[in-house]
>>> print(open('coords-v6.cif').read())   # mmCIF, C-alpha atoms
data_data
#
loop_
_atom_site.label_atom_id
_atom_site.label_comp_id
_atom_site.auth_asym_id
_atom_site.auth_seq_id
_atom_site.Cartn_x
_atom_site.Cartn_y
_atom_site.Cartn_z
CA MET A 163 43.34 115.63 183.31
CA ALA A 164 43.79 117.62 186.53
CA ARG A 165 45.63 120.89 186.11
CA LEU A 166 48.24 122.24 188.49
CA ASP A 167 48.61 125.96 189.02
CA ILE A 168 52.23 126.96 189.31
CA VAL A 169 54.34 130.08 189.58
CA VAL A 170 57.65 130.19 187.74
CA THR A 171 60.21 132.80 188.81
CA TYR A 172 63.39 133.36 186.86
CA ASP A 173 66.42 135.36 187.95
CA VAL A 174 68.87 136.31 185.26
CA ASN A 175 71.25 139.20 184.71
CA THR A 176 69.41 141.26 182.08
CA GLU A 177 72.25 143.77 181.78
CA ASP A 178 73.77 141.21 179.51
CA ALA A 179 72.42 140.44 175.98
CA ASP A 180 72.68 136.68 176.57
CA GLY A 181 70.70 137.03 179.79
CA ARG A 182 67.98 139.02 178.03
CA ARG A 183 67.84 136.36 175.31
CA ARG A 184 67.46 133.59 177.92
CA LEU A 185 64.67 135.55 179.67
CA ARG A 186 62.84 135.92 176.33
CA ARG A 187 63.14 132.16 175.77
CA VAL A 188 61.91 131.35 179.28
CA ALA A 189 58.99 133.79 178.82
CA LYS A 190 58.04 132.15 175.53
CA ILE A 191 57.99 128.67 177.10
CA CYS A 192 55.94 129.83 180.11
CA GLU A 193 53.51 131.82 177.97
CA ALA A 194 52.60 128.61 176.17
CA TYR A 195 51.03 127.48 179.48
CA GLY A 196 50.01 130.69 181.19
CA GLN A 197 50.71 134.36 181.64
CA ARG A 198 53.58 136.68 182.41
CA VAL A 199 52.50 138.64 185.48
CA GLN A 200 55.79 140.37 186.26
CA LYS A 201 59.02 140.84 184.33
CA SER A 202 60.29 137.45 185.46
CA VAL A 203 57.25 135.85 187.11
CA PHE A 204 54.81 133.61 185.24
CA GLU A 205 51.57 131.99 186.41
CA CYS A 206 50.83 128.80 184.51
CA SER A 207 48.24 126.05 184.59
CA VAL A 208 49.55 122.68 183.46
CA THR A 209 48.82 118.98 183.52
CA ALA A 210 51.49 116.76 185.11
CA PRO A 211 52.92 115.66 181.72
CA GLN A 212 52.95 119.29 180.51
CA LEU A 213 54.83 120.28 183.66
CA GLU A 214 57.49 117.65 182.97
CA ARG A 215 57.85 118.80 179.37
CA MET A 216 57.92 122.45 180.41
CA LYS A 217 60.65 121.78 182.99
CA GLY A 218 62.75 120.02 180.38
CA ARG A 219 62.44 122.98 178.03
CA LEU A 220 63.20 125.49 180.79
CA LEU A 221 66.28 123.58 181.89
CA LYS A 222 67.56 123.66 178.33
CA ALA A 223 66.88 127.40 177.97
CA MET A 224 68.51 128.49 181.22
CA ASP A 225 72.19 128.82 182.19
CA LYS A 226 72.40 126.70 185.36
CA GLN A 227 75.63 128.37 186.51
CA ALA A 228 74.35 131.91 186.14
CA ASP A 229 70.55 131.86 186.52
CA SER A 230 68.05 130.80 189.12
CA LEU A 231 64.71 129.19 188.32
CA ARG A 232 62.08 128.37 190.94
CA ILE A 233 58.75 126.64 190.45
CA TYR A 234 56.08 126.93 193.15
CA ARG A 235 52.94 124.78 193.22
CA LEU A 236 49.80 126.63 194.22
CA ILE A 237 47.92 123.83 195.95
CA GLY A 238 44.17 124.17 195.59
CA GLY A 239 44.56 126.55 192.64
CA ARG A 240 45.79 130.12 192.11
CA GLU A 241 42.49 131.79 193.09
CA GLY A 242 42.89 130.93 196.76
CA CYS A 243 46.65 131.53 196.84
CA VAL A 244 47.38 134.86 195.18
CA GLU A 245 46.94 138.43 196.38
CA THR A 246 48.01 141.28 194.14
CA PHE A 247 48.81 144.92 194.81
CA GLY A 248 49.67 147.73 192.43
CA ARG A 249 49.87 147.05 188.72
CA ASP A 250 48.19 143.77 187.73
CA THR A 251 48.14 142.51 184.16
CA TYR A 252 46.67 139.06 184.85
CA GLU A 253 43.65 138.27 182.68
CA ASP A 254 41.20 135.65 183.80
CA TYR A 255 40.31 133.87 180.58
CA GLU A 256 38.32 131.24 182.48
CA SER A 257 35.65 133.70 183.64
CA PRO A 258 32.86 134.92 181.37
CA GLN A 259 34.24 137.70 179.19
CA ILE A 260 32.28 140.89 178.57
CA VAL A 261 32.72 141.84 174.92
CA MET B 138 50.78 130.29 216.42
CA ALA B 139 50.59 128.60 213.01
CA ARG B 140 52.96 129.96 210.40
CA LEU B 141 52.13 130.55 206.78
CA ASP B 142 54.77 130.13 204.11
CA ILE B 143 54.47 132.80 201.45
CA VAL B 144 56.32 133.99 198.38
CA VAL B 145 56.51 137.71 197.72
CA THR B 146 57.39 138.87 194.20
CA TYR B 147 58.05 142.51 193.44
CA ASP B 148 58.30 144.10 190.01
CA VAL B 149 59.86 147.53 189.86
CA ASN B 150 61.85 149.44 187.28
CA THR B 151 65.37 149.23 188.70
CA GLU B 152 66.84 151.42 185.95
CA ASP B 153 65.53 154.27 188.03
CA ALA B 154 67.14 155.28 191.39
CA ASP B 155 63.72 155.58 193.07
CA GLY B 156 62.82 152.06 191.91
CA ARG B 157 66.08 150.67 193.29
CA ARG B 158 65.38 152.41 196.60
CA ARG B 159 61.87 150.93 196.76
CA LEU B 160 63.26 147.44 195.99
CA ARG B 161 65.80 147.84 198.84
CA ARG B 162 62.97 148.82 201.21
CA VAL B 163 60.78 145.89 200.11
CA ALA B 164 63.76 143.52 200.53
CA LYS B 165 64.41 144.84 204.04
CA ILE B 166 60.78 144.29 205.08
CA CYS B 167 60.68 140.76 203.61
CA GLU B 168 64.05 139.79 205.08
CA ALA B 169 62.63 140.45 208.53
CA TYR B 170 60.40 137.39 207.94
CA GLY B 171 62.37 135.23 205.56
CA GLN B 172 64.90 135.13 202.79
CA ARG B 173 65.62 136.74 199.48
CA VAL B 174 65.88 133.88 196.98
CA GLN B 175 66.02 135.91 193.77
CA LYS B 176 66.57 139.58 193.02
CA SER B 177 62.89 140.34 193.58
CA VAL B 178 61.52 137.11 195.07
CA PHE B 179 61.33 136.46 198.81
CA GLU B 180 60.25 133.35 200.71
CA CYS B 181 58.86 134.20 204.13
CA SER B 182 57.27 132.38 207.02
CA VAL B 183 54.79 134.47 208.98
CA THR B 184 51.96 134.26 211.46
CA ALA B 185 48.62 135.75 210.35
CA PRO B 186 49.14 138.99 212.34
CA GLN B 187 52.72 139.29 210.99
CA LEU B 188 51.36 138.90 207.46
CA GLU B 189 48.92 141.75 208.01
CA ARG B 190 51.65 143.98 209.43
CA MET B 191 54.04 143.03 206.64
CA LYS B 192 51.42 143.82 203.98
CA GLY B 193 50.81 147.23 205.52
CA ARG B 194 54.54 147.99 205.44
CA LEU B 195 54.92 146.73 201.86
CA LEU B 196 51.98 148.81 200.65
CA LYS B 197 53.59 151.89 202.19
CA ALA B 198 56.98 151.13 200.61
CA MET B 199 55.73 150.46 197.07
CA ASP B 200 54.54 152.82 194.36
CA LYS B 201 51.10 151.42 193.48
CA GLN B 202 51.00 153.19 190.12
CA ALA B 203 54.38 151.95 188.96
CA ASP B 204 55.14 148.67 190.76
CA SER B 205 53.57 145.26 191.05
CA LEU B 206 53.55 143.20 194.24
CA ARG B 207 52.20 139.66 194.44
CA ILE B 208 51.92 137.45 197.50
CA TYR B 209 51.43 133.70 197.04
CA ARG B 210 50.46 131.36 199.88
CA LEU B 211 52.25 128.03 199.84
CA ILE B 212 49.57 125.83 201.34
CA GLY B 213 51.02 122.96 203.36
CA GLY B 214 54.40 124.71 203.63
CA ARG B 215 57.25 125.60 201.27
CA GLU B 216 58.92 122.17 201.42
CA GLY B 217 56.19 120.48 199.39
CA CYS B 218 55.67 123.41 197.02
CA VAL B 219 59.05 124.58 195.76
CA GLU B 220 61.43 123.14 193.21
CA THR B 221 64.63 124.97 192.40
CA PHE B 222 67.02 124.82 189.45
CA GLY B 223 70.33 126.58 188.89
CA ARG B 224 71.68 128.94 191.52
CA ASP B 225 69.99 128.52 194.90
CA THR B 226 70.86 130.67 197.88
CA TYR B 227 68.08 129.48 200.20
CA GLU B 228 69.35 128.36 203.61
CA ASP B 229 67.28 126.02 205.71
CA TYR B 230 67.79 127.38 209.22
CA GLU B 231 65.18 124.97 210.61
CA SER B 232 67.28 121.87 209.89
CA PRO B 233 70.21 120.80 212.07
CA GLN B 234 73.24 122.88 211.06
CA ILE B 235 76.65 121.30 210.60
CA VAL B 236 79.21 123.70 212.08
#
>>> encode(input="coords-v6.cif", output="structure tokens")
Amino acid sequence: MARLDIVVTYDVNTEDADGRRRLRRVAKICEAYGQRVQKSVFECSVTAPQLERMKGRLLKAMDKQADSLRIYRLIGGREGCVETFGRDTYEDYESPQIV
Amino acid sequence: MARLDIVVTYDVNTEDADGRRRLRRVAKICEAYGQRVQKSVFECSVTAPQLERMKGRLLKAMDKQADSLRIYRLIGGREGCVETFGRDTYEDYESPQIV
């Protein structure tokens, strides 16, 4: 099934223990489908049904009054859409790995 | 000239006064071309030369050893690429405004 590359960004007040707990939950959900690339930015690759399921889980984990969640579709795939500067922790598991 | 819709995400340690200052500078640069939609996420609409100039300014403002900056291109425009949940401060200045 075709995969969609998406970016999930999550804004939460992490001065607050509840906020930190919600961020950990959101990170855990996103990391099931991709990678954490910044403190509250995740790059994921999902099929359409996975995206629906992921959204449902994220909506349950977040506080809709207090937090902001945005999902961006990277049309044509992340490779052609992303430019990074400074620290970069993304690992390309699709490319041949040198061991 | 054609405009590109982009998302800029910036990861910096804001526990540190220098980090907070760099985030303020990055926000100021991005807000010249768009809107802050989360604490460290900005949606901007730029021409290709503006993007080059903006990148130059961002690279000067950031600390490449400590911070992470990512720029995502929203191919086909933000409208078709973004989904938001929870708090949303984005204002669509392109649509007719009710005053």
>>> resolve_selection(input="coords-v6.cif", expression="the PyMOL selection byres ((chain B and resi 187-204) around 12)", output="VMD selection string")
(chain A and resid 199 to 201 245 to 251) or (chain B and resid 138 to 151 153 155 to 171 177 181 to 186 205 to 210)
>>> closest_residue(input="coords-v6.cif", among="B:Gln172, B:Ala154, B:Glu180, B:Val219", to="chain A", atoms="all atoms listed in the file")
B:Val219
>>> atom_distance(input="coords-v6.cif", atom1="CA of Gly213 in chain B", atom2="CA of Cys243 in chain A")
11.6 Å
>>> atom_distance(input="coords-v6.cif", atom1="CA of Phe204 in chain A", atom2="CA of Arg215 in chain B")
18.1 Å
>>> closest_residue(input="coords-v6.cif", among="B:Glu231, B:Arg173, B:Glu152, B:Ile212", to="chain A", atoms="all atoms listed in the file")
B:Ile212
